[in-house]
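Worksheet for the structure shown next.
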Amino acid sequence: MRKLSRSARTVSSAIACIVLGASTGLSFATPSTAAESNRATGIGWVDWSEAAFQKAKKENKPVILDLEAVWCHWCHVMDGKTYSNPVIANLIKSQLVAIRVDQDNRPDLSTRYQDYGWPATIIFSPSGKEIVKRAGYIAPGEMLSLLNDVIKAPNQTRLSERDQTKVAYGSSSTLSAALKKELTERSVEGFDTAHGGWGSGNHFLDWDTVEYCMTRARQKDKQNERMAKATIAGEQKLIDPIWGGVYQYSTDGGWGRPHFEKIMQMQSENMRIFSLAYDTWHDNAYLKGATDIERFLKQFLLSPDGAFYTSMDADLVPGEHSGEYFKLGDEARRKLGVPKIDKHIYARENGWAINGLVALYGATGDDQYLKEATRAADWVMANRALPGGGFSHDKQDQAGPFLDDSLAMARAFLSLYGATGDRKWYSRAEETAGFIDAHFKFVTHTAATKKSAASTIAAGYADSDVTKKSVVGPIPNVDQNVMVARFSNLLYQYSGNERDKKMSETAMRFLATPEVGRNLGIYTAGILLADFEVANAPTHITIVGPKDDPNAKALMLAAVKYPSGYKVVEWWDKREGPLPHMDVEFPDLEKAAAFGCASQRCSAPVYTPDKLNATVDGLANQ
């Protein structure tokens, strides 16, 4: 099954091109580079590499890519039933080059093919051209028929028309009124009025969509408020009542049939949305949801060094459905064993976790969550940092760097700065933004028209390093560019740095291309959310006072709790010198105070935390 809500509907915007280079020999899959490589060993899986594609070209063989997840139930089933079938295994071994990849280990391939898994099955011609893309479990009979067909005609494409469409990017960095209307209508029409959530099939919390609804709800939009609350209520049913943590999704059009894998992005983004919902509507059930997720992370995914592991498997026994197991209590579960924990420590997953923990700190004011976030950030900086401000995915990272890792950490740094006022986090966010701009900016060619000659244009940020040679060429991805647009725009509000503003414009140039949004089906709200934030100034709250002043600290916490996912929170201690972008002159006061700015107006000083929300709300509603 597919990875999670966001990747379940993000469409890659270009067709991958195989770049063949000098052969370095084939590397056989190992547990650190391919999912559960001890399974279906008769096939002779190898790692994704240029050497594998060179071998295919030389021997005139198609390439089959099994892109799977170590936590995925249907990946286990396909391995046990399909790839372990001796007829299929022998056919693949003799007639194809077989590549197996753990998608969590390769963010570039994960984002590229996330619409087709997990497991995803991609077949390439001997020359490296994609000819088949298949989503999910393929039964043995169906796989045998597909393989025989490919072997007979290895250069014939079997892709859909959409998969073969090339996108022509425009020069506008804002959505047109017509496109905005179309994407809004798609999102609203896709809402499941009976159950909450979107669509009629699998149900999950799509965080961009819910956050967009919450943004509109703060503008007194009751319809969006109802949609957000109904979806959060449904998602609460997917929280494990024993161990905490949230299951990935529920099948069959409701919330009662979960798939049990617990993966980091789902945990962290749910924790963030539940925390924001608690700040907004003060429902203790939302706070319980967030703390239940943190409880799971701390008990099962926290390494001894303070960094976070990647996931918990859906199955106790690979390939066997674990519905009865997850009905048991703690003691009964542990007697049977604990589902496998993927103990890879990736920069990306830790950036996600940090962001969720900072949101929970804001909702509760409990320093333990901030300490957990800070400890993970310190570990990543010590163990995954690259020269120039970026981050590797894991220790080896031979195929990286990948956009996901630096982007997740940049977002985490900015969240930590907004929660603490500690300028080291701001400096790291700016440095990492520079790395992203230097290594991942996607430059494409525009077609000539009657009015203009062909030229190049930067439209979005690519999934992998554009400065490095790779087996597949880098391409932009919707989810990543939504986050680049939102992160760099918010960073610009803190910094006043034109580079940060141009980064958000570059990402929006990709997102504003009509074909990109139209390919998303009903999950269009991420683009709408990014467009809204880029077009509007955030709520801006500044605390003026010493950082060792208890009242200043209380005001800062109240600012962090202010219920908006789009806000700038700064703490000006005059002893540290000017803030990064001092565009307001604050009065010299005898005691700590907070100043709020919204809707192009600023407040008088606020001296007590209990009055801050009302003051800022008053500005926004005038």
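Scheme for the structure tokens: letters A, B, ... for chains in order shown; per-chain residue numbers from 1; ligand numbers from 1 in order shown.
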Test item: residues at most 9 Å from Gly434 of chain A, only C-alpha atoms, excluding those fewer than 5 positions along its chain, as a VMD selection string: chain A and resid 388 to 390 429 439 499 to 500
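Every protein or nucleic acid residue with an atom no more than 8 Å from segment 310-316 of chain A, counting only C-alpha atoms and leaving out same-chain residues fewer than 6 positions away, appears here: Val70, Trp71, Cys72, His73, His259, Phe260, Glu261, Lys262, Ile263, Met264, Leu301, Ser322, Tyr325, Gly337, Val338, Pro339, Lys340, Ile341, Asp342, Lys343, His344, Ile345, Tyr346 and Glu349 of chain A.
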Quick one: residues within 10 Å of Asp240 of chain A, only C-alpha atoms counted, chain neighbours fewer than 5 positions away excluded, as an MDAnalysis selection string? chainID A and resid 245:247 258 260 262 289 292:293 296 326:327
Please produce a file of those selected residues containing all heavy atoms, as a tab-separated table (two decimals), in the first residue's frame.
```
chain	number	residue	atom	x	y	z
A	245	GLY	N	0.65	6.36	19.31
A	245	GLY	CA	1.04	6.36	17.91
A	245	GLY	C	-0.17	6.20	17.03
A	245	GLY	O	-1.21	5.67	17.46
A	246	VAL	N	-0.08	6.67	15.79
A	246	VAL	CA	-1.22	6.64	14.89
A	246	VAL	C	-0.93	5.68	13.74
A	246	VAL	O	0.16	5.66	13.16
A	246	VAL	CB	-1.55	8.06	14.37
A	246	VAL	CG1	-0.39	8.66	13.57
A	246	VAL	CG2	-2.83	8.08	13.55
A	247	TYR	N	-1.92	4.82	13.46
A	247	TYR	CA	-1.81	3.93	12.31
A	247	TYR	C	-1.87	4.74	11.03
A	247	TYR	O	-2.40	5.85	10.99
A	247	TYR	CB	-2.94	2.91	12.33
A	247	TYR	CG	-3.01	2.07	13.58
A	247	TYR	CD1	-4.20	1.90	14.27
A	247	TYR	CD2	-1.88	1.42	14.08
A	247	TYR	CE1	-4.28	1.11	15.41
A	247	TYR	CE2	-1.94	0.64	15.22
A	247	TYR	CZ	-3.15	0.49	15.89
A	247	TYR	OH	-3.21	-0.28	17.02
A	258	PRO	N	-8.02	-0.20	10.19
A	258	PRO	CA	-6.68	0.38	10.02
A	258	PRO	C	-5.67	-0.60	9.44
A	258	PRO	O	-5.77	-1.81	9.62
A	258	PRO	CB	-6.29	0.78	11.44
A	258	PRO	CG	-7.07	-0.14	12.32
A	258	PRO	CD	-8.37	-0.38	11.61
A	260	PHE	N	-1.72	-1.13	10.10
A	260	PHE	CA	-1.16	-0.88	11.43
A	260	PHE	C	0.25	-0.31	11.44
A	260	PHE	O	0.81	-0.09	12.51
A	260	PHE	CB	-1.21	-2.18	12.24
A	260	PHE	CG	-2.62	-2.67	12.47
A	260	PHE	CD1	-3.12	-3.73	11.73
A	260	PHE	CD2	-3.44	-2.04	13.39
A	260	PHE	CE1	-4.42	-4.17	11.92
A	260	PHE	CE2	-4.74	-2.48	13.59
A	260	PHE	CZ	-5.24	-3.54	12.85
A	262	LYS	N	3.26	2.18	11.62
A	262	LYS	CA	3.40	3.50	12.24
A	262	LYS	C	4.70	4.10	11.72
A	262	LYS	O	5.80	3.68	12.11
A	262	LYS	CB	3.43	3.39	13.76
A	262	LYS	CG	2.13	2.85	14.37
A	262	LYS	CD	2.27	2.67	15.87
A	262	LYS	CE	1.00	2.09	16.48
A	262	LYS	NZ	1.17	1.80	17.92
A	289	GLY	N	-4.54	13.21	21.85
A	289	GLY	CA	-4.04	12.60	20.62
A	289	GLY	C	-2.58	12.91	20.39
A	289	GLY	O	-1.78	12.04	20.06
A	292	ASP	N	-0.39	11.12	23.04
A	292	ASP	CA	-0.35	9.68	22.78
A	292	ASP	C	0.65	9.35	21.68
A	292	ASP	O	1.31	8.31	21.72
A	292	ASP	CB	-1.73	9.16	22.40
A	292	ASP	CG	-2.64	8.91	23.60
A	292	ASP	OD1	-2.12	8.92	24.74
A	292	ASP	OD2	-3.84	8.71	23.41
A	293	ILE	N	0.75	10.21	20.70
A	293	ILE	CA	1.73	9.99	19.62
A	293	ILE	C	3.14	10.14	20.16
A	293	ILE	O	4.03	9.33	19.89
A	293	ILE	CB	1.46	10.95	18.46
A	293	ILE	CG1	0.12	10.60	17.78
A	293	ILE	CG2	2.60	10.88	17.44
A	293	ILE	CD1	-0.35	11.62	16.78
A	296	PHE	N	4.28	7.12	22.07
A	296	PHE	CA	4.75	6.04	21.20
A	296	PHE	C	6.18	6.31	20.71
A	296	PHE	O	7.03	5.42	20.73
A	296	PHE	CB	3.81	5.88	20.00
A	296	PHE	CG	4.38	5.04	18.90
A	296	PHE	CD1	4.46	3.66	19.03
A	296	PHE	CD2	4.88	5.62	17.74
A	296	PHE	CE1	5.02	2.87	18.03
A	296	PHE	CE2	5.43	4.85	16.73
A	296	PHE	CZ	5.50	3.47	16.87
A	326	PHE	N	-3.22	-6.38	17.46
A	326	PHE	CA	-3.35	-5.01	17.94
A	326	PHE	C	-4.62	-4.78	18.76
A	326	PHE	O	-4.82	-3.70	19.30
A	326	PHE	CB	-3.27	-4.02	16.77
A	326	PHE	CG	-1.86	-3.79	16.31
A	326	PHE	CD1	-1.36	-4.41	15.18
A	326	PHE	CD2	-1.01	-2.98	17.04
A	326	PHE	CE1	-0.06	-4.20	14.76
A	326	PHE	CE2	0.30	-2.76	16.63
A	326	PHE	CZ	0.79	-3.38	15.50
A	327	LYS	N	-5.46	-5.81	18.90
A	327	LYS	CA	-6.58	-5.74	19.83
A	327	LYS	C	-6.17	-6.07	21.26
A	327	LYS	O	-6.91	-5.84	22.21
A	327	LYS	CB	-7.69	-6.70	19.39
A	327	LYS	CG	-8.40	-6.31	18.11
A	327	LYS	CD	-9.45	-7.35	17.74
A	327	LYS	CE	-10.15	-6.99	16.43
A	327	LYS	NZ	-11.14	-8.04	16.05
```
Give me the residues near Val584 of chain A as a PyMOL selection string, where near means some atom within 10 Å (using only C-alpha atoms) and where sequence neighbours in that chain fewer than 2 positions away do not count. chain A and resi 542+581-582+586-587+597+602
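Here atom CA of Arg257 of chain A is placed at a distance of 16.1 Å from atom CA of Ala194 of chain A.
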Measure the distance from atom CA of Arg348 of chain A to atom CA of Asn477 of chain A in Å and round it to one decimal.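 Calculated distance between atom CA of Arg348 of chain A and atom CA of Asn477 of chain A is 15.8 Å.
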Could you pull out the helix (DSSP H, G or I) residues of segment 113-361 of chain A, going by DSSP on the backbone, and write them as a PyMOL selection string? chain A and resi 113-116+140-152+161-164+177-189+207-217+222-236+264-281+284-301+325-327+330-336+347-361
What is the distance, in Å and to one decimal place, between atom CA of Val210 of chain A and atom CA of Arg295 of chain A? 23.0 Å
All residues 9 Å or closer to segment 530-536 of chain A, only C-alpha atoms, same chain fewer than 4 positions away omitted, as a VMD selection string: chain A and resid 173 to 175 180 482 to 483 485 to 486 489 to 490 504 to 505 508 511 to 512 525 to 526 566
Determine, counting only C-alpha atoms, which protein, DNA and RNA residues have an atom within 12 Å of an atom of Ile522 of chain A; residues of the same chain fewer than 6 positions away are not included. Present the result as a list of chain:residue names.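 Skipping anything fewer than 6 positions along the chain leaves A:Arg6, A:Ala8, A:Arg9, A:Thr10, A:Glu182, A:Leu183, A:Thr184, A:Glu185, A:Arg186, A:Ser187, A:Val188, A:Glu189, A:Gly190, A:Phe191, A:Asp192, A:Gly197, A:Trp198, A:Gly199, A:Ser200, A:Asp206, A:Thr209, A:Leu528.
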Residues at most 12 Å from Asp422 of chain A, counting only C-alpha atoms, excluding those fewer than 4 positions away in the same chain, as a PyMOL selection string? chain A and resi 374+413-418+426-429+547+556+569-573+576+579-580
Using only C-alpha atoms, which of A:Ala377, A:Ser94, A:Pro107, A:Thr121 sits nearest His393 of chain A?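 Closest to His393 of chain A of all the choices is A:Pro107.
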Have a look at A:His195, A:Arg106, A:Arg518, A:Arg423 and name the one nearest to Ala69 of chain A; count only C-alpha atoms.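 Using only C-alpha atoms, Ala69 of chain A sits closest to A:Arg106.
Distance annotation: of A:Ala233, A:Met409, A:Leu65, A:Ala559, the residue with the minimal separation from Asp47 of chain A is A:Leu65; atom set is only C-alpha atoms.
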Per-residue DSSP, segment 226-278 of chain A, filtered to strand (DSSP E or B), as a PyMOL selection string: chain A and resi 239+246+249-250+258-259+262-263
Selection to disk with C-alpha atoms, as a PDB file, in the first residue's frame:
```pdb
ATOM      1  CA  ILE A 239      -4.581   6.157  17.399  1.00  0.00           C
ATOM      2  CA  VAL A 246      -1.217   6.638  14.886  1.00  0.00           C
ATOM      3  CA  TYR A 249      -4.701   4.795   7.260  1.00  0.00           C
ATOM      4  CA  SER A 250      -8.029   2.947   7.279  1.00  0.00           C
ATOM      5  CA  PRO A 258      -6.683   0.380  10.015  1.00  0.00           C
ATOM      6  CA  HIS A 259      -3.441  -0.708   8.446  1.00  0.00           C
ATOM      7  CA  LYS A 262       3.403   3.499  12.241  1.00  0.00           C
ATOM      8  CA  ILE A 263       5.729   5.652  10.176  1.00  0.00           C
TER       9      ILE A 263
END
```
